[in-house]
>>> print(open('final13.txt').read())   # compact mmCIF, C-alpha atoms
# COMPACT_ATOMS: atom_id res chain seq x y z
CA MET H 105 -119.77 44.18 35.17
CA ARG H 106 -117.60 41.74 37.19
CA SER H 107 -116.39 39.83 34.08
CA ARG H 108 -115.41 43.10 32.32
CA ARG H 109 -113.40 44.05 35.41
CA GLY H 110 -111.81 40.59 35.24
CA VAL H 111 -110.71 41.10 31.64
CA GLY H 112 -109.27 44.50 32.51
CA LEU H 113 -107.36 43.02 35.44
CA LEU H 114 -105.98 40.25 33.24
CA LEU H 115 -104.78 42.82 30.72
CA VAL H 116 -103.12 44.89 33.43
CA LEU H 117 -101.48 41.74 34.82
CA ALA H 118 -100.15 40.75 31.38
CA VAL H 119 -98.72 44.21 30.76
CA LEU H 120 -97.17 44.20 34.24
CA VAL H 121 -95.51 40.82 33.71
CA VAL H 122 -94.09 41.79 30.32
CA SER H 123 -92.84 45.19 31.44
CA THR H 124 -91.29 43.87 34.68
CA THR H 125 -89.45 41.11 32.81
CA ALA H 126 -88.20 43.60 30.26
CA ALA H 127 -87.10 46.05 32.95
CA LEU H 128 -85.25 43.31 34.83
CA THR H 129 -83.52 42.16 31.66
CA MET H 130 -82.45 45.70 30.84
CA ALA H 131 -81.24 46.27 34.40
CA ARG H 132 -79.19 43.05 34.28
CA GLN H 133 -77.60 44.01 30.98
CA ALA H 134 -76.79 47.47 32.22
CA ALA H 135 -75.29 46.05 35.43
CA THR H 136 -73.17 43.55 33.48
CA TRP H 137 -71.92 46.28 31.20
CA ARG H 138 -71.17 48.58 34.11
CA VAL H 139 -69.29 45.91 36.10
CA SER H 140 -67.29 44.96 33.03
CA ARG H 141 -66.41 48.60 32.37
CA SER H 142 -65.56 49.13 36.03
CA ILE H 143 -63.13 46.19 36.14
CA ASP H 144 -61.52 47.40 32.92
CA ASP H 145 -61.15 50.92 34.29
CA ASP H 146 -59.69 49.60 37.58
CA ALA H 147 -57.09 47.63 35.64
CA SER H 148 -56.17 50.69 33.55
CA LEU H 149 -55.89 53.02 36.49
CA SER H 150 -53.85 50.57 38.58
CA ARG H 151 -51.31 50.42 35.73
CA GLU H 152 -51.16 54.19 35.57
CA LEU H 153 -50.58 54.33 39.32
CA ILE H 154 -47.70 51.87 38.98
CA LEU H 155 -46.00 54.27 36.59
CA GLY H 156 -46.83 57.19 38.86
CA ALA H 157 -44.84 55.54 41.66
CA LYS H 158 -41.52 55.95 39.83
CA PRO H 159 -40.77 59.50 41.04
CA ILE H 160 -41.30 58.34 44.64
CA ILE H 161 -38.91 55.44 44.06
CA LEU H 162 -36.25 57.68 42.51
CA LEU H 163 -36.57 60.17 45.36
CA TRP H 164 -36.16 57.41 47.93
CA LEU H 165 -33.16 55.94 46.11
CA THR H 166 -31.49 59.35 45.94
CA GLU H 167 -32.35 60.62 49.39
CA ALA H 168 -32.73 57.64 51.68
CA SER H 169 -31.41 54.39 50.26
CA SER H 170 -27.81 54.98 51.30
CA SER H 171 -28.75 55.32 54.95
CA VAL H 172 -30.72 52.10 55.36
CA ILE H 173 -29.54 49.92 58.22
CA MET H 174 -31.27 46.65 58.90
CA SER H 175 -31.44 44.79 62.17
CA PRO H 176 -29.04 41.81 62.25
CA GLU H 177 -32.08 39.58 62.79
CA VAL H 178 -33.68 40.35 59.43
CA HIS H 179 -34.25 37.44 57.10
CA LEU H 180 -35.30 39.63 54.20
CA PRO H 181 -33.13 42.55 53.15
CA ALA H 182 -36.30 44.57 52.68
CA THR H 183 -37.58 47.92 53.77
CA LEU H 184 -40.85 49.66 53.20
CA VAL H 185 -40.42 52.77 51.07
CA SER H 186 -43.94 54.10 50.92
CA ARG H 187 -47.48 53.05 51.68
CA ASP H 188 -50.27 55.33 50.56
CA ALA H 189 -54.01 55.08 50.27
CA PHE H 190 -56.03 57.67 48.46
CA ASP H 191 -59.42 58.12 46.91
CA THR H 192 -59.89 57.98 43.17
CA HIS H 193 -63.04 58.27 41.10
CA LEU H 194 -63.08 54.45 41.03
CA GLY H 195 -62.58 53.88 44.75
CA THR H 196 -59.76 53.77 47.24
CA ALA H 197 -56.36 52.92 45.77
CA THR H 198 -53.43 51.66 47.82
CA VAL H 199 -49.86 51.93 46.57
CA GLU H 200 -47.16 50.06 48.48
CA ILE H 201 -43.48 50.25 47.55
CA THR H 202 -40.95 47.88 49.11
CA ALA H 203 -37.21 47.93 48.45
CA PHE H 204 -35.03 44.81 48.48
CA ASP H 205 -31.28 45.34 48.57
CA GLN H 206 -29.57 43.48 45.74
CA SER H 207 -26.22 44.00 47.52
CA ALA H 208 -27.54 42.03 50.47
CA MET H 209 -28.22 38.87 48.50
CA THR H 210 -26.22 36.07 46.93
CA PRO H 211 -25.36 36.90 43.32
CA TRP H 212 -27.46 34.80 40.98
CA GLN H 213 -24.36 33.71 39.03
CA LEU H 214 -22.51 32.60 42.16
CA ALA H 215 -25.40 30.82 43.88
CA ALA H 216 -23.58 27.48 43.89
CA ASP H 217 -20.79 28.95 46.02
CA PHE H 218 -23.09 29.70 48.95
CA ASP H 219 -25.02 27.74 51.49
CA ALA H 220 -28.29 29.64 51.11
CA PRO H 221 -31.66 28.94 52.80
CA VAL H 222 -33.13 28.05 49.42
CA THR H 223 -31.62 26.31 46.41
CA MET H 224 -31.21 28.20 43.19
CA PRO H 225 -32.84 26.37 40.25
CA ARG H 226 -30.85 25.77 37.09
CA VAL H 227 -31.54 28.43 34.49
CA ASP H 228 -30.31 29.46 31.07
CA THR H 229 -27.11 31.44 31.67
CA ASP H 230 -27.02 32.99 28.22
CA VAL H 231 -29.69 35.56 28.95
CA VAL H 232 -29.88 38.56 31.24
CA PRO H 233 -30.99 37.22 34.63
CA GLY H 234 -34.48 38.02 35.79
CA LEU H 235 -36.97 36.51 38.20
CA ASP H 236 -39.34 35.92 35.30
CA LEU H 237 -37.06 33.03 34.30
CA LEU H 238 -38.11 31.21 37.48
CA VAL H 239 -41.84 31.76 37.63
CA ASP H 240 -42.88 28.47 36.10
CA ARG H 241 -40.96 26.50 38.72
CA PRO H 242 -43.18 25.36 41.56
CA ASP H 243 -40.35 24.51 44.01
CA SER H 244 -39.99 27.89 45.72
CA PRO H 245 -41.90 31.15 45.71
CA VAL H 246 -40.14 33.66 43.48
CA TYR H 247 -41.22 37.24 44.08
CA PRO H 248 -41.01 38.24 47.75
CA GLN H 249 -44.18 39.73 49.09
CA GLY H 250 -44.37 43.45 49.67
CA ASN H 251 -43.24 43.31 53.28
CA ALA H 252 -46.37 44.68 54.87
CA SER H 253 -45.11 44.42 58.43
CA ALA H 254 -41.59 45.76 57.84
CA SER H 255 -40.85 48.99 59.56
CA PHE H 256 -41.22 52.12 57.55
CA THR H 257 -37.96 53.89 56.72
CA PRO H 258 -38.97 57.49 56.33
CA PHE H 259 -36.98 59.70 54.03
CA GLY H 260 -33.73 60.72 55.65
CA THR H 261 -34.73 60.10 59.27
CA ALA H 262 -35.07 56.78 61.09
CA ARG H 263 -32.84 54.20 59.52
CA VAL H 264 -33.31 50.90 61.26
CA THR H 265 -35.48 48.24 59.75
CA THR H 266 -36.51 45.72 62.34
CA PRO H 267 -37.53 42.19 61.49
CA PRO H 268 -41.16 41.73 60.57
CA ASP H 269 -43.45 40.84 63.46
CA THR H 270 -44.88 38.00 61.48
CA PRO H 271 -43.41 36.33 58.43
CA GLN H 272 -45.26 37.25 55.27
CA GLY H 273 -46.24 34.57 52.78
CA ASP H 274 -44.35 31.36 52.19
CA GLY H 275 -40.67 32.44 52.08
CA PRO H 276 -37.79 32.06 51.70
CA TRP H 277 -38.25 33.60 48.30
CA LEU H 278 -35.79 33.18 45.48
CA GLY H 279 -36.10 36.89 44.71
CA ALA H 280 -35.02 37.91 48.23
CA THR H 281 -32.14 35.43 48.33
CA PHE H 282 -30.53 35.66 44.89
CA ALA H 283 -29.68 39.00 43.32
CA THR H 284 -30.21 39.09 39.59
CA HIS H 285 -28.24 42.32 39.16
CA ALA H 286 -25.49 42.13 41.79
CA ILE H 287 -23.06 41.54 38.96
CA ASP H 288 -23.20 43.58 35.78
CA ALA H 289 -24.85 41.89 32.84
CA THR H 290 -21.60 41.98 30.88
CA ASN H 291 -20.10 39.57 33.42
CA ARG H 292 -23.14 37.38 33.75
CA ARG H 293 -21.63 34.22 32.28
CA ARG H 294 -18.74 34.25 34.70
CA THR H 295 -16.29 33.63 31.91
CA ARG H 296 -13.76 35.77 33.72
CA ARG H 297 -13.05 36.88 37.23
CA VAL H 298 -16.00 38.83 38.55
CA SER H 299 -16.46 41.08 41.52
CA TRP H 300 -19.48 42.17 43.43
CA THR H 301 -20.33 44.30 46.42
CA ILE H 302 -22.01 43.34 49.65
CA ASN H 303 -23.66 45.87 51.94
CA VAL H 304 -22.64 45.19 55.54
CA ASN H 305 -25.60 47.22 56.83
CA THR H 306 -28.33 45.22 55.15
CA ALA H 307 -27.03 41.73 54.30
CA PRO H 308 -28.40 38.85 56.38
CA MET H 309 -25.83 37.65 58.91
CA TRP H 310 -25.64 34.16 57.38
CA LEU H 311 -24.38 35.70 54.15
CA LEU H 312 -21.88 37.98 55.88
CA GLU H 313 -20.59 35.09 57.98
CA GLN H 314 -19.86 33.07 54.85
CA VAL H 315 -18.21 35.96 52.99
CA LEU H 316 -16.12 37.00 56.01
CA SER H 317 -15.28 33.49 57.17
CA ASP H 318 -11.55 34.06 56.57
CA THR H 319 -11.39 37.39 58.35
CA ASP H 320 -11.12 38.21 62.03
CA THR H 321 -14.12 36.66 63.81
CA ASN H 322 -14.49 39.82 65.82
CA SER H 323 -15.44 41.77 62.69
CA ILE H 324 -18.78 39.98 62.42
CA ASP H 325 -19.61 40.85 66.03
CA VAL H 326 -18.70 44.48 65.43
CA ILE H 327 -21.08 44.63 62.45
CA ARG H 328 -23.83 42.85 64.37
CA ASN H 329 -23.56 45.18 67.37
CA ALA H 330 -23.48 48.31 65.27
CA ARG H 331 -26.59 47.28 63.34
CA ALA H 332 -28.40 46.15 66.48
CA ASN H 333 -27.85 49.64 67.92
CA GLY H 334 -29.04 51.34 64.75
CA ASN H 335 -25.58 52.54 63.80
CA SER H 336 -23.94 52.23 60.44
CA ALA H 337 -21.36 49.44 60.46
CA THR H 338 -17.98 50.13 58.96
CA PRO H 339 -16.69 47.44 56.61
CA PRO H 340 -13.79 45.73 58.41
CA VAL H 341 -11.83 45.40 55.16
CA ARG H 342 -12.26 46.89 51.69
CA SER H 343 -12.57 43.54 49.96
CA VAL H 344 -12.15 39.83 50.51
CA ASP H 345 -11.52 36.91 48.24
CA PHE H 346 -14.34 34.39 48.37
CA LYS H 347 -13.91 31.21 46.32
CA GLY H 348 -12.10 33.02 43.54
CA THR H 349 -14.39 36.03 43.55
CA THR H 350 -13.48 39.49 44.78
CA VAL H 351 -16.15 40.72 47.16
CA SER H 352 -16.09 44.43 47.97
CA LEU H 353 -17.56 45.46 51.30
CA SER H 354 -19.62 48.63 51.47
CA ALA H 355 -21.84 50.46 53.93
CA ARG H 356 -24.44 51.30 51.29
CA SER H 357 -25.96 49.77 48.21
CA ASP H 358 -25.98 50.87 44.58
CA ARG H 359 -28.45 48.21 43.47
CA TRP H 360 -32.02 47.87 44.65
CA ALA H 361 -34.97 45.79 43.55
CA ILE H 362 -38.23 47.63 44.07
CA ARG H 363 -41.58 45.91 44.35
CA THR H 364 -44.59 48.14 43.74
CA ASP H 365 -48.09 46.89 44.51
CA VAL H 366 -51.19 48.79 43.50
CA LYS H 367 -54.63 47.66 44.59
CA LEU H 368 -57.78 49.30 43.41
CA ASP H 369 -61.19 47.94 44.19
CA GLY H 370 -59.91 44.37 44.34
CA VAL H 371 -57.85 44.65 41.15
CA GLY H 372 -54.10 44.50 41.71
CA THR H 373 -51.02 45.21 39.61
CA SER H 374 -47.45 44.62 40.78
CA THR H 375 -44.03 45.24 39.29
CA TRP H 376 -40.46 44.28 40.14
CA GLN H 377 -37.96 46.90 39.05
CA ILE H 378 -34.19 46.85 39.30
CA PHE H 379 -32.46 50.20 39.83
CA VAL H 380 -28.69 50.61 39.58
CA ARG H 381 -26.72 53.74 40.38
CA ARG H 382 -24.58 54.92 37.45
CA GLY H 383 -22.56 57.90 38.64
CA GLN H 384 -25.05 60.25 40.27
CA GLU H 385 -28.01 58.83 38.40
CA TRP H 386 -30.28 55.92 39.27
CA LEU H 387 -31.26 53.98 36.17
CA GLN H 388 -33.96 51.39 35.84
CA GLU H 389 -32.11 48.36 34.50
CA GLN H 390 -35.04 46.00 34.36
CA CYS H 391 -38.76 45.99 34.90
CA LEU H 392 -40.91 42.90 35.23
CA VAL H 393 -44.66 42.71 35.67
CA ILE H 394 -45.46 40.27 38.44
CA ALA H 395 -48.04 37.76 37.29
CA GLU H 396 -49.19 35.85 40.38
CA MET R 218 -129.74 45.69 37.70
CA THR R 219 -130.09 42.91 35.20
CA ARG R 220 -126.80 41.10 34.65
CA ARG R 221 -125.66 41.19 31.09
CA GLY R 222 -122.73 39.42 29.34
CA LEU R 223 -120.35 40.93 26.80
CA THR R 224 -121.68 41.64 23.37
CA ILE R 225 -119.95 40.14 20.34
CA LEU R 226 -118.58 43.57 19.51
CA GLU R 227 -117.12 44.04 22.96
CA THR R 228 -115.55 40.62 22.90
CA LEU R 229 -114.02 41.19 19.49
CA LEU R 230 -112.73 44.59 20.59
CA ALA R 231 -111.16 43.07 23.72
CA LEU R 232 -109.57 40.29 21.66
CA ALA R 233 -108.21 42.80 19.13
CA LEU R 234 -106.81 44.93 21.93
CA LEU R 235 -105.24 41.87 23.56
CA ALA R 236 -103.77 40.73 20.21
CA GLY R 237 -102.34 44.21 19.61
CA LEU R 238 -100.85 44.35 23.07
CA SER R 239 -99.40 40.86 22.72
CA ALA R 240 -97.87 41.70 19.35
CA ALA R 241 -96.34 44.87 20.78
CA ALA R 242 -95.02 42.94 23.77
CA VAL R 243 -93.49 40.22 21.59
CA SER R 244 -91.92 42.81 19.29
CA TRP R 245 -90.58 44.72 22.28
CA THR R 246 -89.16 41.56 23.86
CA VAL R 247 -87.52 40.46 20.62
CA GLY R 248 -86.05 43.95 20.16
CA LEU R 249 -84.86 43.90 23.72
CA GLN R 250 -83.24 40.51 23.22
CA ARG R 251 -81.51 41.72 20.08
CA SER R 252 -80.20 44.86 21.73
CA GLY R 253 -79.22 42.80 24.77
CA HIS R 254 -77.31 40.42 22.55
CA ALA R 255 -75.66 43.32 20.76
CA LEU R 256 -74.75 44.91 24.09
CA ALA R 257 -73.36 41.62 25.40
CA THR R 258 -71.31 41.17 22.23
CA MET R 259 -70.00 44.72 22.50
CA THR R 260 -69.20 44.26 26.20
CA ARG R 261 -67.30 41.06 25.43
CA TRP R 262 -65.43 42.76 22.59
CA GLU R 263 -64.59 45.78 24.75
CA SER R 264 -63.32 43.52 27.54
CA ALA R 265 -61.16 41.60 25.06
CA ALA R 266 -59.83 44.85 23.59
CA GLN R 267 -59.16 46.18 27.08
CA ALA R 268 -57.31 42.98 28.00
CA ALA R 269 -55.25 43.32 24.81
CA LEU R 270 -54.35 46.90 25.76
CA ASP R 271 -53.43 45.73 29.29
CA CYS R 272 -51.26 43.01 27.78
CA LEU R 273 -49.51 45.50 25.47
CA HIS R 274 -49.10 47.89 28.40
CA ASP R 275 -47.47 45.17 30.53
CA ASP R 276 -45.21 44.06 27.69
CA LEU R 277 -44.06 47.64 27.07
CA LEU R 278 -43.48 48.02 30.81
CA SER R 279 -41.22 44.94 30.93
CA PHE R 280 -37.71 45.37 29.59
CA ASP R 281 -33.98 45.06 30.11
CA ARG R 282 -31.98 48.23 29.65
CA ILE R 283 -29.52 47.45 26.90
CA ASP R 284 -26.73 49.81 25.85
CA GLY R 285 -27.98 52.48 28.20
CA ALA R 286 -31.62 52.55 27.14
CA PRO R 287 -34.73 50.38 27.06
CA PRO R 288 -35.12 48.73 23.66
CA PRO R 289 -37.03 50.87 21.14
CA LEU R 290 -40.20 49.80 19.38
CA THR R 291 -41.08 49.65 15.73
CA ILE R 292 -44.50 50.71 14.48
CA GLY R 293 -45.86 49.51 11.17
CA SER R 294 -49.27 49.44 9.61
CA GLY R 295 -51.42 47.44 12.02
CA GLU R 296 -48.31 46.22 13.76
CA VAL R 297 -46.15 47.04 16.79
CA SER R 298 -42.97 45.13 17.66
CA PHE R 299 -40.34 45.49 20.37
CA ASN R 300 -38.14 43.56 22.77
CA ALA R 301 -39.58 42.87 26.20
CA ARG R 302 -39.40 40.35 29.04
CA ASP R 303 -41.87 37.56 29.51
CA GLY R 304 -40.33 34.47 31.03
CA GLY R 305 -36.97 35.85 29.83
CA PRO R 306 -36.03 38.27 27.08
CA ALA R 307 -38.41 37.97 24.14
CA ALA R 308 -39.26 39.73 20.90
CA MET R 309 -42.91 40.79 20.97
CA MET R 310 -45.16 41.52 18.07
CA TYR R 311 -48.76 42.76 18.06
CA ARG R 312 -50.24 42.38 14.60
CA LEU R 313 -53.63 42.78 12.95
CA SER R 314 -54.27 40.06 10.38
CA THR R 315 -56.08 40.70 7.12
CA ASP R 316 -59.18 38.93 8.44
CA GLY R 317 -59.50 41.32 11.39
CA GLN R 318 -57.86 39.35 14.18
CA LEU R 319 -55.38 40.95 16.54
CA PHE R 320 -52.59 38.57 17.56
CA ARG R 321 -49.76 38.71 20.06
CA ARG R 322 -46.66 36.80 19.15
CA ARG R 323 -43.85 36.12 21.64
CA GLY R 324 -40.55 35.19 20.00
CA SER R 325 -41.08 32.22 17.74
CA ASP R 326 -44.11 30.95 19.69
CA ASP R 327 -47.41 30.44 17.94
CA PRO R 328 -49.39 33.70 17.74
CA ARG R 329 -52.08 34.09 20.39
CA LEU R 330 -55.42 35.57 19.39
CA LEU R 331 -56.30 38.60 21.52
CA VAL R 332 -59.33 40.15 19.81
CA ALA R 333 -61.44 39.20 16.81
CA ASP R 334 -63.59 41.46 14.64
CA VAL R 335 -61.04 44.27 14.64
CA ALA R 336 -61.44 46.87 11.93
CA GLU R 337 -58.32 48.83 12.82
CA PHE R 338 -55.33 48.60 15.15
CA SER R 339 -53.25 51.75 15.35
CA ALA R 340 -50.39 52.99 17.49
CA LYS R 341 -49.43 56.63 17.33
CA PRO R 342 -46.42 58.08 19.18
CA ILE R 343 -47.22 61.21 21.19
CA SER R 344 -44.63 63.94 21.63
CA ILE R 345 -44.81 67.04 23.78
CA ASP R 346 -43.92 69.13 20.75
CA GLU R 347 -43.66 67.46 17.40
CA THR R 348 -42.39 70.63 15.73
CA ILE R 349 -39.08 70.42 17.59
CA ASN R 350 -38.71 66.70 16.99
CA ALA R 351 -39.14 65.86 20.67
CA PRO R 352 -38.95 62.15 21.37
CA PRO R 353 -42.32 60.52 22.02
CA TYR R 354 -43.23 60.04 25.65
CA ALA R 355 -46.28 57.83 25.12
CA LEU R 356 -48.12 55.72 22.63
CA LEU R 357 -51.78 56.20 21.78
CA VAL R 358 -53.05 52.73 20.95
CA THR R 359 -56.53 52.29 19.51
CA ILE R 360 -58.40 49.10 18.71
CA THR R 361 -61.50 49.68 16.62
CA SER R 362 -64.40 47.41 15.72
CA SER R 363 -67.30 48.18 13.39
CA THR R 364 -69.34 49.63 16.26
CA THR R 365 -66.98 50.77 19.01
CA HIS R 366 -63.37 51.30 19.95
CA ARG R 367 -61.00 51.21 22.95
CA SER R 368 -57.98 53.46 23.35
CA ARG R 369 -55.14 53.73 25.82
CA VAL R 370 -52.27 56.16 26.25
CA ILE R 371 -49.31 53.97 27.25
CA PRO R 372 -46.26 55.79 28.62
CA LEU R 373 -43.10 54.71 26.82
CA ASP R 374 -40.81 55.27 29.83
CA ASP R 375 -37.64 56.03 27.80
CA ARG R 376 -38.39 53.50 25.07
CA GLY R 377 -37.67 55.16 21.77
CA VAL R 378 -39.61 54.66 18.55
CA LEU R 379 -37.65 53.68 15.48
CA PRO R 380 -38.53 55.64 12.35
>>> encode(input="final13.txt", output="structure tokens")
Amino acid sequence: MRSRRGVGLLLVLAVLVVSTTAALTMARQAATWRVSRSIDDDASLSRELILGAKPIILLWLTEASSSVIMSPEVHLPATLVSRDAFDTHLGTATVEITAFDQSAMTPWQLAADFDAPVTMPRVDTDVVPGLDLLVDRPDSPVYPQGNASASFTPFGTARVTTPPDTPQGDGPWLGATFATHAIDATNRRRTRRVSWTINVNTAPMWLLEQVLSDTDTNSIDVIRNARANGNSATPPVRSVDFKGTTVSLSARSDRWAIRTDVKLDGVGTSTWQIFVRRGQEWLQEQCLVIAE
Amino acid sequence: MTRRGLTILETLLALALLAGLSAAAVSWTVGLQRSGHALATMTRWESAAQAALDCLHDDLLSFDRIDGAPPPLTIGSGEVSFNARDGGPAAMMYRLSTDGQLFRRRGSDDPRLLVADVAEFSAKPISIDETINAPPYALLVTITSSTTHRSRVIPLDDRGVLP
């Protein structure tokens, strides 16, 4: 009787071992498949969310961009446009949009004329400028980080962007120092006299000081005080000549670089878009996918 | 209460039962391994196809506006080509070879293999209303293998499609 029970137990044990192994194998395969699918779906959705951010960007450019005033202490001409977190069927997605004023940077083509905090690498001048031309260079970080600690500039209300509490990343970034689209592409080779516009309300003071070095020294202080008090500074002159280039002074910008970061369940997608105002319309002149 | 061993018949029956169970278990395990291998292969293929669609999506997203509009794309049989940006302006081509391999070619660089074992690679422009000749607003891209497929609707964002 005991030996028959033993045989039965052995059989049960064998069946148990085989079925458990099989079940574990199946579970592992299913989990692998599900994780793979999940990562793929996250990547797809994050790209769709990037495209979904465009109406928000256009609204901000139309309604709020002309009233941005940055503290004279800012190192980055950046302001936070929007930061949202919402639930999707794949988890919580965060979308962060940061605007960088192209009219508050040194024009890419004229980099050699300025004493900037970072040196502009040599690049091919025959092509339309873009930060993607610099990404393989290890010397300096290229794309400025979405400025997580910059003050939020709500639509049409508060206008002052204060300096970040803590510096983000490893700046100074090439993309926050040199404007790829400050000068129209047709003039990119500087084969003739070019002109560009600087925004006195957003440009870092070191840049304004160099551009306005031949004007009344008081004009810099007037701009600094106005910005420090959250008021719009009035350009002291319409334009100045700087090393053979005509620089127009303005209180607003018609050229913005927009960084959009989407994160979904650990998967991130980021873009760098250049918007230029043509008449009443804001057009996307360039879009680059940030591969970092 | 006398203790008795197994009869020959009982022993043979137990052995036959055990052999049957073992054979079933082996067959089941082999089947499971095969289906697991097939699933793993399919998962790898789907991931590669998905990565190819992501790559195409990113390339279509990257552009310089030239003459007032983003550069248009050209769609051929098993082929999509357009101008984009990737380390500078570059002509991009996604092409399915005759031996079922989907390649991405950037400018004059060597083609890069994205997915193997592709039965079909198609890109179909989608319009809101094709009857009024409305310009396409998106591209339905499908990569198909012998057992599965992956599709993606990629917004064209003002990129036109050349006839």
>>> residues_around(input="final13.txt", residues="range 353-366 of chain R", least_positions_apart="4", cutoff="8 Å", atoms="all atoms listed in the file", output="ChimeraX atom specification")
/R:259,263,266,270,334-345,370-375,377-378
>>> interface_residues(input="final13.txt", of="chain R", to="chain H", cutoff="6 Å", atoms="all atoms listed in the file", output="number ranges by chain")
R: 279-282, 304-305
>>> atom_distance(input="final13.txt", atom1="CA of Val139 in chain H", atom2="CA of Thr192 in chain H")
16.9 Å
>>> atom_distance(input="final13.txt", atom1="CA of Ile201 in chain H", atom2="CA of Ser186 in chain H")
5.1 Å
>>> residues_around(input="final13.txt", residues="Asp358 in chain H", least_positions_apart="2", cutoff="12 Å", atoms="all atoms listed in the file", output="NGL selection string")
:H and (165-166 or 168-172 or 204-208 or 285-288 or 300-303 or 354-356 or 360-361 or 378-388)
>>> write_last_selection(input="final13.txt", atoms="C-alpha atoms", output="PDB file, in the frame of the given file")
ATOM      1  CA  LEU H 165     -33.160  55.940  46.110  1.00  0.00           C
ATOM      2  CA  THR H 166     -31.490  59.350  45.940  1.00  0.00           C
ATOM      3  CA  ALA H 168     -32.730  57.640  51.680  1.00  0.00           C
ATOM      4  CA  SER H 169     -31.410  54.390  50.260  1.00  0.00           C
ATOM      5  CA  SER H 170     -27.810  54.980  51.300  1.00  0.00           C
ATOM      6  CA  SER H 171     -28.750  55.320  54.950  1.00  0.00           C
ATOM      7  CA  VAL H 172     -30.720  52.100  55.360  1.00  0.00           C
ATOM      8  CA  PHE H 204     -35.030  44.810  48.480  1.00  0.00           C
ATOM      9  CA  ASP H 205     -31.280  45.340  48.570  1.00  0.00           C
ATOM     10  CA  GLN H 206     -29.570  43.480  45.740  1.00  0.00           C
ATOM     11  CA  SER H 207     -26.220  44.000  47.520  1.00  0.00           C
ATOM     12  CA  ALA H 208     -27.540  42.030  50.470  1.00  0.00           C
ATOM     13  CA  HIS H 285     -28.240  42.320  39.160  1.00  0.00           C
ATOM     14  CA  ALA H 286     -25.490  42.130  41.790  1.00  0.00           C
ATOM     15  CA  ILE H 287     -23.060  41.540  38.960  1.00  0.00           C
ATOM     16  CA  ASP H 288     -23.200  43.580  35.780  1.00  0.00           C
ATOM     17  CA  TRP H 300     -19.480  42.170  43.430  1.00  0.00           C
ATOM     18  CA  THR H 301     -20.330  44.300  46.420  1.00  0.00           C
ATOM     19  CA  ILE H 302     -22.010  43.340  49.650  1.00  0.00           C
ATOM     20  CA  ASN H 303     -23.660  45.870  51.940  1.00  0.00           C
ATOM     21  CA  SER H 354     -19.620  48.630  51.470  1.00  0.00           C
ATOM     22  CA  ALA H 355     -21.840  50.460  53.930  1.00  0.00           C
ATOM     23  CA  ARG H 356     -24.440  51.300  51.290  1.00  0.00           C
ATOM     24  CA  TRP H 360     -32.020  47.870  44.650  1.00  0.00           C
ATOM     25  CA  ALA H 361     -34.970  45.790  43.550  1.00  0.00           C
ATOM     26  CA  ILE H 378     -34.190  46.850  39.300  1.00  0.00           C
ATOM     27  CA  PHE H 379     -32.460  50.200  39.830  1.00  0.00           C
ATOM     28  CA  VAL H 380     -28.690  50.610  39.580  1.00  0.00           C
ATOM     29  CA  ARG H 381     -26.720  53.740  40.380  1.00  0.00           C
ATOM     30  CA  ARG H 382     -24.580  54.920  37.450  1.00  0.00           C
ATOM     31  CA  GLY H 383     -22.560  57.900  38.640  1.00  0.00           C
ATOM     32  CA  GLN H 384     -25.050  60.250  40.270  1.00  0.00           C
ATOM     33  CA  GLU H 385     -28.010  58.830  38.400  1.00  0.00           C
ATOM     34  CA  TRP H 386     -30.280  55.920  39.270  1.00  0.00           C
ATOM     35  CA  LEU H 387     -31.260  53.980  36.170  1.00  0.00           C
ATOM     36  CA  GLN H 388     -33.960  51.390  35.840  1.00  0.00           C
TER      37      GLN H 388
END
>>> residues_around(input="final13.txt", residues="range 223-227 of chain H", least_positions_apart="5", cutoff="8 Å", atoms="only C-alpha atoms", output="list in words")
Trp212, Ala215, Ala216, Leu237, Leu238, Leu278 and Phe282 of chain H
>>> atom_distance(input="final13.txt", atom1="CA of Thr258 in chain R", atom2="CA of Gly295 in chain R")
23.2 Å
>>> closest_residue(input="final13.txt", among="H:Met209, H:Leu368, H:Val304, H:Leu180", to="Asp325 in chain H", atoms="all atoms listed in the file")
H:Val304
>>> closest_residue(input="final13.txt", among="H:Asn333, H:Thr349, H:Thr306, H:Thr124", to="Asp217 in chain H", atoms="all atoms listed in the file")
H:Thr349
>>> closest_atom_pairs(input="final13.txt", of="range 267-307 of chain R", to="range 315-331 of chain R", cutoff="8 Å", atoms="all atoms listed in the file", output="JSON lines")
{"residue": "R:Ala268", "atom": "CA", "partner": "R:Leu331", "partner_atom": "CA", "distance": 7.9}
{"residue": "R:Ala269", "atom": "CA", "partner": "R:Leu331", "partner_atom": "CA", "distance": 5.8}
{"residue": "R:Ala307", "atom": "CA", "partner": "R:Gly324", "partner_atom": "CA", "distance": 5.4}
>>> residues_around(input="final13.txt", residues="Asp345 in chain H", least_positions_apart="2", cutoff="12 Å", atoms="all atoms listed in the file", output="list in words")
Arg297, Val298, Ser299, Trp300, Thr301, Gln314, Val315, Leu316, Ser317, Asp318, Thr319, Val341, Arg342, Ser343, Lys347, Gly348, Thr349, Thr350, Val351, Ser352 and Leu353 of chain H
>>> closest_residue(input="final13.txt", among="H:Arg241, H:Ala135, H:Ala189, H:Ser150", to="Ala257 in chain R", atoms="all atoms listed in the file")
H:Ala135
>>> residues_around(input="final13.txt", residues="Pro176 in chain H", least_positions_apart="3", cutoff="12 Å", atoms="only C-alpha atoms", output="ChimeraX atom specification")
/H:173,179-181,208,264-267,304-313,324-337
